[in-house]
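Working notes, beginning with the structure itself.
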Amino acid sequence: MIRLSDEAALQLTLNGTATEWLRAICEQGAAKFAELGLPSRRHEEWRLTSIKQIAETDFSFSDELPALSPKDVARFDIPGMAASRLVFINGRYAPDHSSLQSLPAGVTVLPLMEAVSSHGDLVQQHLAKHADMTDEAFTALNTAMLGDGVFVHVPDGMTVEQPIHVVNITTCAGEPLMTNPRNLIVAGDKAKVTVIEDYVCPDDDVYFTNAVTEVVVGKEANVTHYLLERESRKAFNIATLNIHQSESSNFTSHSVMLGGASVRNNIVPVLDGEHCFSTLNGLYLTSDKQHVDNHMRVFHNMPNCDSRQYYRGVLDDKSTAVFSGRIIVARDAQKTDAVQSNANLLLTDTARANTHPQLEIYADDVKCTHGATIGELDDNAIFYLRARGISEAAARGMLIHAFAAESLERMDIEPIVELLEAELYKRLPEGKMVQATL
Amino acid sequence: MTTPLIEIKNLHANIDGQEILRGLDLTINPGEVHSIMGPNGSGKSTLAQVLAGRDAFEVTEGEIIYEGKDLLDMDPDERACEGVFLAFQYPVEIPGVRTTQFLKAAINAVRKHRGEDEIDALDAVKLFREKMKLVDMDESLLKRAVNEGFSGGEKKRHEIFQMAVLEPKLCILDETDSGLDIDALRIVADGVNAMRSKDRSFLLITHYQRLLDYIVPDFVHVLVNGRIVQSGDKGLALELEKKGYSWVEKEPAAATA
């Protein structure tokens with residue numbers, strides 16, 4: 001049992017590995033966590049997201065794999081999507097529910113803890129090299145406790161056609177659980193791969209997922225990452241994605257936040273070679289008292305790179321959202337072309353959005369633009385639709401759908417888009433009617 | 001005796017506490033084409049918006065009986081389903097909503113209201129194609145977001161096209177002629193004329209007589225300061241064109257006559 005607000009928690013139980021180099025990494029994480037402590041609201045990067053509830057909940061850890069039926073797990077399939085699948089239940093790898101066929105020879109997809117033994121050199125070369133702990137207490141915490149996750153290695157020049165679907169299921173009726181999933185994705189030069197990180201819960205349990213994913217994108221490589229947050233409405237989730245991009249590489253991230261009580265999504269691409277392209281696309285649909293905080297930090301370290309951030313949110317009831325996007329352009333990163341946009345649609349007077357676009361530019365020949373909007377549905381548009389016979393509810397549904405669809409249109413896996421569309425219709429006023437017109 | 005399609009009696013309407021309509025009376029029978037002319041600020045567009053149900057306007061006095069029912073008691077969408085159609089002076093751009101999606105939603109809303117089945121996808125396409133010809137509208141507009149990036153002329157044609165698709169009983173055209181060149185005006189007018197029938201009535205709101213060369217009205221009314229001050233046949237429009245609105249503005253007595 002651990003309570004993160006206790007002083008004693010700073011002396012963390014480490015991962016417990018027998019592998020010496022891994023143990024050293026965990027110890028570094030623990031030391032950093034002890035030094036930083038939990039961020040308070042006075043911390044600039046946590047001003048708008050309280051972690052009080054996380055700090056004051058007694059979390060336990062699971063050391064056994066709960067037995068779920070294939071049917072329990074199949075609920076979280078993405079219909080129509082052919083994929084390699086790794087299932088983790090309460091942070092433990094569930095081989096019986098996983099399927100790793102149809103991977104090209106030479107490509108490695110394994111639970112990280114297995115890879116530590118079987119592909120030790122490769123893992124050691126990259127693990128914890130890209131997850132920045134400098135001021136990130138939760139990354140330090142994850143590194144100290146280092147739970148299992150996926151390890152993906154795609155050698156130079158290879159393409160993995162089918163996406164790799166990583167399903168993280170948490171089920172812990174009555175006993176709040178904490179997991180620290182750790183993923184490592186290494187794409188060699190000219191390699192191509194898509195990984196889907198999916199967080200789900202069959203019930204409405206209270207728990208805390210603190211995930212860290214490191215992505216290494218080789219020269220001219222092409223990596224796509226999806227984050228699907230569809231957890232319990234009582235769950236806490238902090239997901240941190242650290243990306244290292246080499247010359248002429250292409251990285252795309254799609255984040256969709258539907259579940260969770262309080263969710264923090266950190267994405268940090270480091271463009272460390274010339275001619276990189278980085279796209280961060282995100283959609284959040286919040287209701288009740290949900291809180292979602294999207295925290296982007298894009299480091300333009302080298303010249304001639306492009307980055308795009310497109311985040312859109314639809315906020316209902318008393319939900320709140322934060323968007324904090326910072327673009328940091330180093331002095332040598334001339335000809336940087338960076339775009340950042342965040343649009344929020346508030347459906348009620350009680351929903352609240354905070355948006356903080358920030359540019360930190362040390363080069364003098366760059367093109368950086370940012371735009372942020374917080375607004376309501378357009379009364380003129382609603383009236384126009386109603387003047388054609390469409391009910392007010394259906395008019396609202398059509399306009400909300402149109403707003404959110406822009407994010408979905410950027411996604412390239414049709415079954416995921418369909419799944420999200422279906423989820424959207426469920427939430428829209430007159431969703432069935434809206435769907436029927438499309 | 002014919003039952004009027006719509007009877008407007010002593011209509012008073014405000015926006016932001018300012019009275020715009022000050023006791024307007026107008027009766028339109030089925031199949032009639034009426035034109036309302038008037039100087040800027042006389043309340044022409046307010047009348048159109050009040051008829052369509054815009055809630056920014058507050059009706060403080062008077063009544064509107066449409067097919068024997070209290071129009072003011074209906075929501076804007078209910079009015080549309082009952083056959084009231086407003087061709088907007090400034091059609092609204094709706095990013096992300098495709099024109100076909102919008103039209104299907106509108107047709108099905110009207111059909112549902114009448115207790116009919118939803119339109120079949122193929123029938124919908126056929127219907128759109130047929131009605132587009134009426135206003136010489138480019139088919140590619142169907143795939144685009146509603147009015148988004150449409151030229152002024154395309155927007156106005158799109159309004160008439162929607163009118164043709166929805167087949168309303170009362171068509172209110174709010175300055176449909178404004179911003180149209182002479183060719184576009186003729187196309188729009190031809191579309192409207194093709195829709196004229198003994199059961200369908202039109203209310204043409206316009207600042208200029210020009211439109212009425214192409215759509216010949218049965219009655220012309222002059223609106224000044226929120227009331228109809230003079231009514232006549234199409235000759236009145238020509239007279240107005242010659243003499244200007246100052247001519248009627250000077251004759252307030254006509255209103256109370």
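Ordering of the structure tokens sets the chain letters (A, B, ...); residue numbers start at 1 within each chain; ligands are numbered from 1 in the order shown.
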Contacts of Phe57 of chain B at 7 Å (only C-alpha atoms; same-chain gap of 5+ positions) as a PyMOL selection string: chain B and resi 13-15+50
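The residues of chain A lying at most 8 Å from chain B, with only C-alpha atoms taken into account, are A:Asn380, A:Ala381, A:Phe383, A:Tyr384, A:Leu385, A:Arg386, A:Ala387, A:Arg388, A:Gly389, A:Ile390, A:Ser391, A:Glu392, A:Met398, A:Leu399, A:Ala402, A:Phe403, A:Ala405, A:Glu406, A:Met433, A:Val434, A:Thr437, A:Leu438.
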Would you export the selected residues with C-alpha atoms as a PDB file, in the first residue's frame, please?
```pdb
ATOM      1  CA  ASN A 380     -26.860  31.776 -36.004  1.00  0.00           C
ATOM      2  CA  ALA A 381     -25.979  28.290 -37.214  1.00  0.00           C
ATOM      3  CA  PHE A 383     -31.215  29.040 -36.035  1.00  0.00           C
ATOM      4  CA  TYR A 384     -30.353  28.385 -39.674  1.00  0.00           C
ATOM      5  CA  LEU A 385     -30.675  24.629 -39.162  1.00  0.00           C
ATOM      6  CA  ARG A 386     -33.902  25.019 -37.184  1.00  0.00           C
ATOM      7  CA  ALA A 387     -35.317  27.234 -39.905  1.00  0.00           C
ATOM      8  CA  ARG A 388     -35.043  24.163 -42.137  1.00  0.00           C
ATOM      9  CA  GLY A 389     -37.065  21.979 -39.781  1.00  0.00           C
ATOM     10  CA  ILE A 390     -34.203  20.419 -37.831  1.00  0.00           C
ATOM     11  CA  SER A 391     -34.933  20.259 -34.085  1.00  0.00           C
ATOM     12  CA  GLU A 392     -32.798  22.250 -31.705  1.00  0.00           C
ATOM     13  CA  MET A 398     -24.856  18.181 -35.947  1.00  0.00           C
ATOM     14  CA  LEU A 399     -22.725  21.163 -34.962  1.00  0.00           C
ATOM     15  CA  ALA A 402     -18.861  18.787 -37.137  1.00  0.00           C
ATOM     16  CA  PHE A 403     -16.550  20.328 -34.569  1.00  0.00           C
ATOM     17  CA  ALA A 405     -15.030  15.344 -36.734  1.00  0.00           C
ATOM     18  CA  GLU A 406     -12.185  17.611 -37.734  1.00  0.00           C
ATOM     19  CA  MET A 433     -30.354  11.127 -36.290  1.00  0.00           C
ATOM     20  CA  VAL A 434     -27.012  12.834 -36.883  1.00  0.00           C
ATOM     21  CA  THR A 437     -27.664  11.903 -42.214  1.00  0.00           C
ATOM     22  CA  LEU A 438     -23.998  11.129 -42.841  1.00  0.00           C
TER      23      LEU A 438
END
```
Who sits within 12 Å of Glu239 of chain B, only C-alpha atoms, same chain under 4 positions skipped, as a ChimeraX atom specification: /B:37,208-209,220,222,230-235,243-248
Helix (DSSP H, G or I) call set, DSSP backbone run, segment 36-223 of chain B, as a PyMOL selection string: chain B and resi 44-52+71-73+76-81+99-113+121-134+139-143+152-166+182-195+211-214
Per-residue DSSP, segment 126-259 of chain A, filtered to strand (DSSP E), as a VMD selection string: chain A and resid 150 to 154 164 to 169 177 to 179 182 to 187 192 to 200 207 to 217 222 to 230 236 to 245 250 to 257
As a PDB file with C-alpha atoms, in the first residue's frame, please: the residues near Arg331 of chain A (cut-off 8 Å, only C-alpha atoms, same-chain neighbours under 5 positions excluded).
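The resulting file, part07.pdb, is reproduced below:
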```
ATOM      1  CA  ASN A 301      16.451  21.668 -31.737  1.00  0.00           C
ATOM      2  CA  ILE A 361      11.830  31.322 -29.792  1.00  0.00           C
ATOM      3  CA  TYR A 362      15.580  31.770 -29.768  1.00  0.00           C
ATOM      4  CA  ALA A 363      16.116  31.614 -33.558  1.00  0.00           C
ATOM      5  CA  ASP A 364      15.382  34.592 -35.808  1.00  0.00           C
TER       6      ASP A 364
END
```
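The coordinates place atom CA of Val298 of chain A at 4.8 Å from atom CA of Ile327 of chain A.
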Shortest interatomic distance to Ala189 of chain B - which of B:Leu170, B:Leu240, B:Leu11, B:Asp136, counting only C-alpha atoms: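 Nearest to Ala189 of chain B: B:Asp136.
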Coordinates-based distance that separates atom CA of Arg200 of chain B from atom CA of Glu167 of chain B (Å, one decimal):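 Spanning atom CA of Glu167 of chain B to atom CA of Arg200 of chain B is a straight-line distance of 8.7 Å.
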